[in-house]
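Notes to accompany the following structure.
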Amino acid sequence: MWRAVEAGADIETLVVAPELLRDSPAMRMVEEREAAGVRVARLSRELFLRLSDRDGPAGLTAIVRGRMGTLTDLVVAPGAVFVALHQVGNPGNLGTIIRTADATGAAGVILIGDASDPFAPSAVKASMGSLFAVDVVHSDGLDAFFDWTRQRAVRVVATSGSATDRHWSATYPPPVALLLGSEGPGLPAEAIRRR
């Protein structure tokens with residue numbers, strides 16, 4: 001939640017349990033946001049614990065408006081590295097990939113085709129707030145993705161269990177998009193051929 005505030009996410013309501021927060025930096029942040037006009041819902045400790053799906057919750061959560069951009073929203077800088085995910089299905093996996101992309105300084109995460117919702121609770125939880133720090137956009141399909149990479153001179157590096165080049169010996173000159181397939185079948189053959 002703190003990451004959402006730092007990233008300037010559109011916070012509709014902060015939900016807090018003052019008994020759990022006490023005089024913490026988080027409580028001071030809540031007071032600052034409230035003074036700036038953000039709505040704050042105060043819950044009892046007991047109610048917050050019942051609503052939370054975590055053991056030992058901190059006492060702070062938020063209702064944040066999700067923002068899903070499109071490929072045209074991404075800035076392609078000379079050193080940009082993007083992570084492109086074709087039909088990723090598990091929201092927990094998606095959140096973990098978003099968190100990893102954030103930790104490695106990726107310029108954005110591109111969801112291609114029918115993909116898991118990055119705002120699903122398990123995706124948000126697995127991202128540990130990185131969802132609000134990394135641009136996450138959607139592409140309708142592989143055609144739109146490959147058109148975007150050609151127009152923006154972004155190289156595509158695809159993953160495959162039958163690849164002839166090993167990750168450790170391959171070079172990835174940026175700007176580049178690392179294209180990963182879904183958890184089960186991986187990338188379709190057409191994506192590997194087109195890269």
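How things are named: the first chain in the structure tokens is A, the next is B, and so on; residues count from 1 in each chain; ligands count from 1 in the order shown.
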* Asked: Any idea what's packed within 7 Å of Gly129 of chain A, counting only C-alpha atoms, ignoring anything in its chain fewer than 6 positions away? Could you give it as a PyMOL selection string?
  -> chain A and resi 1+3-4
* Show which residues sit within 9 Å of segment 84-96 of chain A, as a PyMOL selection string. Count only C-alpha atoms, and ignore same-chain residues fewer than 4 positions away. => chain A and resi 100-101+108-128+130-131+141-142+145+177-184+186-188
Let me see the file: selected residues, N, CA and C atoms, as a short mmCIF file (atom, residue, chain, number, x, y, z; two decimals), in the first residue's frame.
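Dumped everything to again.cif:
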data_model
loop_
_atom_site.label_atom_id
_atom_site.label_comp_id
_atom_site.auth_asym_id
_atom_site.auth_seq_id
_atom_site.Cartn_x
_atom_site.Cartn_y
_atom_site.Cartn_z
N THR A 100 9.67 -8.80 -9.82
CA THR A 100 11.02 -9.02 -10.34
C THR A 100 11.37 -7.97 -11.38
N ALA A 101 10.42 -7.63 -12.25
CA ALA A 101 10.65 -6.59 -13.26
C ALA A 101 10.99 -5.26 -12.58
N GLY A 108 8.84 -1.76 -18.22
CA GLY A 108 7.42 -2.07 -18.23
C GLY A 108 7.16 -3.54 -18.40
N VAL A 109 5.93 -3.93 -18.09
CA VAL A 109 5.47 -5.30 -18.26
C VAL A 109 4.31 -5.25 -19.25
N ILE A 110 4.39 -6.10 -20.27
CA ILE A 110 3.38 -6.13 -21.33
C ILE A 110 2.62 -7.44 -21.23
N LEU A 111 1.32 -7.36 -21.05
CA LEU A 111 0.46 -8.55 -21.00
C LEU A 111 -0.15 -8.73 -22.39
N ILE A 112 0.07 -9.89 -22.98
CA ILE A 112 -0.37 -10.14 -24.35
C ILE A 112 -1.52 -11.14 -24.36
N GLY A 113 -2.61 -10.77 -25.03
CA GLY A 113 -3.75 -11.67 -25.16
C GLY A 113 -4.51 -11.84 -23.87
N ASP A 114 -5.16 -12.99 -23.74
CA ASP A 114 -5.92 -13.28 -22.53
C ASP A 114 -4.93 -13.56 -21.40
N ALA A 115 -4.82 -12.62 -20.50
CA ALA A 115 -3.85 -12.74 -19.41
C ALA A 115 -4.55 -12.59 -18.08
N SER A 116 -3.92 -13.04 -17.06
CA SER A 116 -4.43 -12.88 -15.71
C SER A 116 -4.56 -11.40 -15.37
N ASP A 117 -5.47 -11.08 -14.50
CA ASP A 117 -5.72 -9.70 -14.09
C ASP A 117 -4.63 -9.25 -13.11
N PRO A 118 -3.84 -8.23 -13.45
CA PRO A 118 -2.80 -7.78 -12.52
C PRO A 118 -3.36 -7.17 -11.24
N PHE A 119 -4.68 -6.87 -11.24
CA PHE A 119 -5.29 -6.30 -10.05
C PHE A 119 -6.05 -7.34 -9.23
N ALA A 120 -5.93 -8.60 -9.58
CA ALA A 120 -6.49 -9.67 -8.76
C ALA A 120 -5.76 -9.65 -7.41
N PRO A 121 -6.47 -9.93 -6.32
CA PRO A 121 -5.82 -9.85 -5.00
C PRO A 121 -4.51 -10.61 -4.89
N SER A 122 -4.44 -11.83 -5.46
CA SER A 122 -3.19 -12.60 -5.32
C SER A 122 -2.07 -11.99 -6.16
N ALA A 123 -2.40 -11.34 -7.28
CA ALA A 123 -1.37 -10.67 -8.09
C ALA A 123 -0.85 -9.43 -7.35
N VAL A 124 -1.76 -8.66 -6.79
CA VAL A 124 -1.36 -7.46 -6.04
C VAL A 124 -0.47 -7.86 -4.86
N LYS A 125 -0.90 -8.88 -4.14
CA LYS A 125 -0.13 -9.35 -2.97
C LYS A 125 1.26 -9.82 -3.38
N ALA A 126 1.34 -10.64 -4.44
CA ALA A 126 2.63 -11.17 -4.89
C ALA A 126 3.54 -10.06 -5.43
N SER A 127 2.96 -9.00 -5.96
CA SER A 127 3.79 -7.91 -6.49
C SER A 127 4.40 -7.08 -5.37
N MET A 128 3.87 -7.21 -4.16
CA MET A 128 4.37 -6.46 -2.99
C MET A 128 4.48 -4.96 -3.28
N SER A 130 4.86 -3.51 -6.20
CA SER A 130 5.54 -3.17 -7.45
C SER A 130 4.56 -2.88 -8.58
N LEU A 131 3.35 -3.38 -8.46
CA LEU A 131 2.32 -3.11 -9.46
C LEU A 131 2.12 -1.61 -9.65
N GLY A 141 -3.01 -8.90 -28.71
CA GLY A 141 -2.47 -10.17 -29.18
C GLY A 141 -1.06 -10.02 -29.69
N LEU A 142 -0.53 -11.11 -30.22
CA LEU A 142 0.84 -11.12 -30.71
C LEU A 142 1.04 -10.17 -31.89
N PHE A 145 1.53 -6.73 -30.59
CA PHE A 145 2.81 -6.66 -29.89
C PHE A 145 3.97 -6.56 -30.89
N ALA A 177 12.60 -6.56 -25.61
CA ALA A 177 11.46 -7.14 -24.89
C ALA A 177 11.73 -8.63 -24.72
N LEU A 178 11.75 -9.08 -23.48
CA LEU A 178 11.91 -10.50 -23.19
C LEU A 178 10.52 -11.12 -23.22
N LEU A 179 10.25 -11.98 -24.17
CA LEU A 179 8.93 -12.56 -24.40
C LEU A 179 8.85 -13.93 -23.75
N LEU A 180 7.96 -14.07 -22.79
CA LEU A 180 7.78 -15.32 -22.05
C LEU A 180 6.38 -15.87 -22.32
N GLY A 181 6.27 -17.19 -22.34
CA GLY A 181 4.99 -17.83 -22.58
C GLY A 181 4.24 -18.17 -21.31
N SER A 182 3.07 -18.74 -21.48
CA SER A 182 2.24 -19.11 -20.34
C SER A 182 2.86 -20.28 -19.59
N GLU A 183 2.34 -20.50 -18.39
CA GLU A 183 2.91 -21.50 -17.49
C GLU A 183 2.87 -22.91 -18.07
N GLY A 184 1.82 -23.27 -18.78
CA GLY A 184 1.69 -24.62 -19.30
C GLY A 184 2.39 -24.83 -20.62
N GLY A 186 3.79 -22.70 -22.73
CA GLY A 186 4.86 -21.78 -23.13
C GLY A 186 4.42 -20.94 -24.32
N LEU A 187 5.37 -20.48 -25.09
CA LEU A 187 5.04 -19.64 -26.25
C LEU A 187 4.57 -20.50 -27.42
N PRO A 188 3.59 -20.01 -28.17
CA PRO A 188 3.20 -20.73 -29.38
C PRO A 188 4.33 -20.64 -30.41
#
* DSSP-assigned strand (DSSP E or B) members of segment 90-137 of chain A, reported as a PyMOL selection string -> chain A and resi 108-112+136-137
* To do: Please identify which residues in segment 8-149 of chain A DSSP calls helix (DSSP H, G or I) from the backbone, and express them as a PyMOL selection string.
  => chain A and resi 18-21+25-35+45-51+71-73+91-103+121-127+130-132+142-149
* Do a neighbour search on Ala133 of chain A at 9 Å with only C-alpha atoms, toss out local chain neighbours closer than 6 positions, and write the hits as number ranges by chain. => A: 3-4, 6-9, 102
* Could you jot down the atom CA of Pro78 of chain A to atom CA of Val157 of chain A separation for me, Å, one decimal place? =>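 If I compute the distance from atom CA of Pro78 of chain A to atom CA of Val157 of chain A, I get 16.3 Å.
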* **Given only C-alpha atoms as the counted atoms, nearest of A:Ala191, A:Val15, A:Ala106, A:Val137 to Val176 of chain A** =>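 Of A:Ala191, A:Val15, A:Ala106, A:Val137, the one nearest Val176 of chain A, counting only C-alpha atoms, is A:Ala106.
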Would you mind listing what lies within 12 Å of Asp147 of chain A as a compact mmCIF listing (two decimals) with C-alpha atoms, in the first residue's frame, with only C-alpha atoms counted and same-chain residues fewer than 6 positions away left out?
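After the write, around39.txt holds the following:
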# COMPACT_ATOMS: atom_id res chain seq x y z
CA LEU A 71 1.45 -0.26 -25.67
CA THR A 72 1.38 3.39 -26.79
CA SER A 139 -1.72 -5.81 -25.93
CA ASP A 140 -4.67 -7.52 -27.62
CA GLY A 141 -2.47 -10.17 -29.18
CA ALA A 153 12.79 -0.71 -32.95
CA VAL A 154 12.51 -2.96 -29.89
CA ARG A 155 14.27 -6.31 -30.27
CA VAL A 156 12.39 -9.39 -29.10
CA ARG A 194 8.31 -14.22 -35.55
CA ARG A 195 10.72 -12.90 -32.96
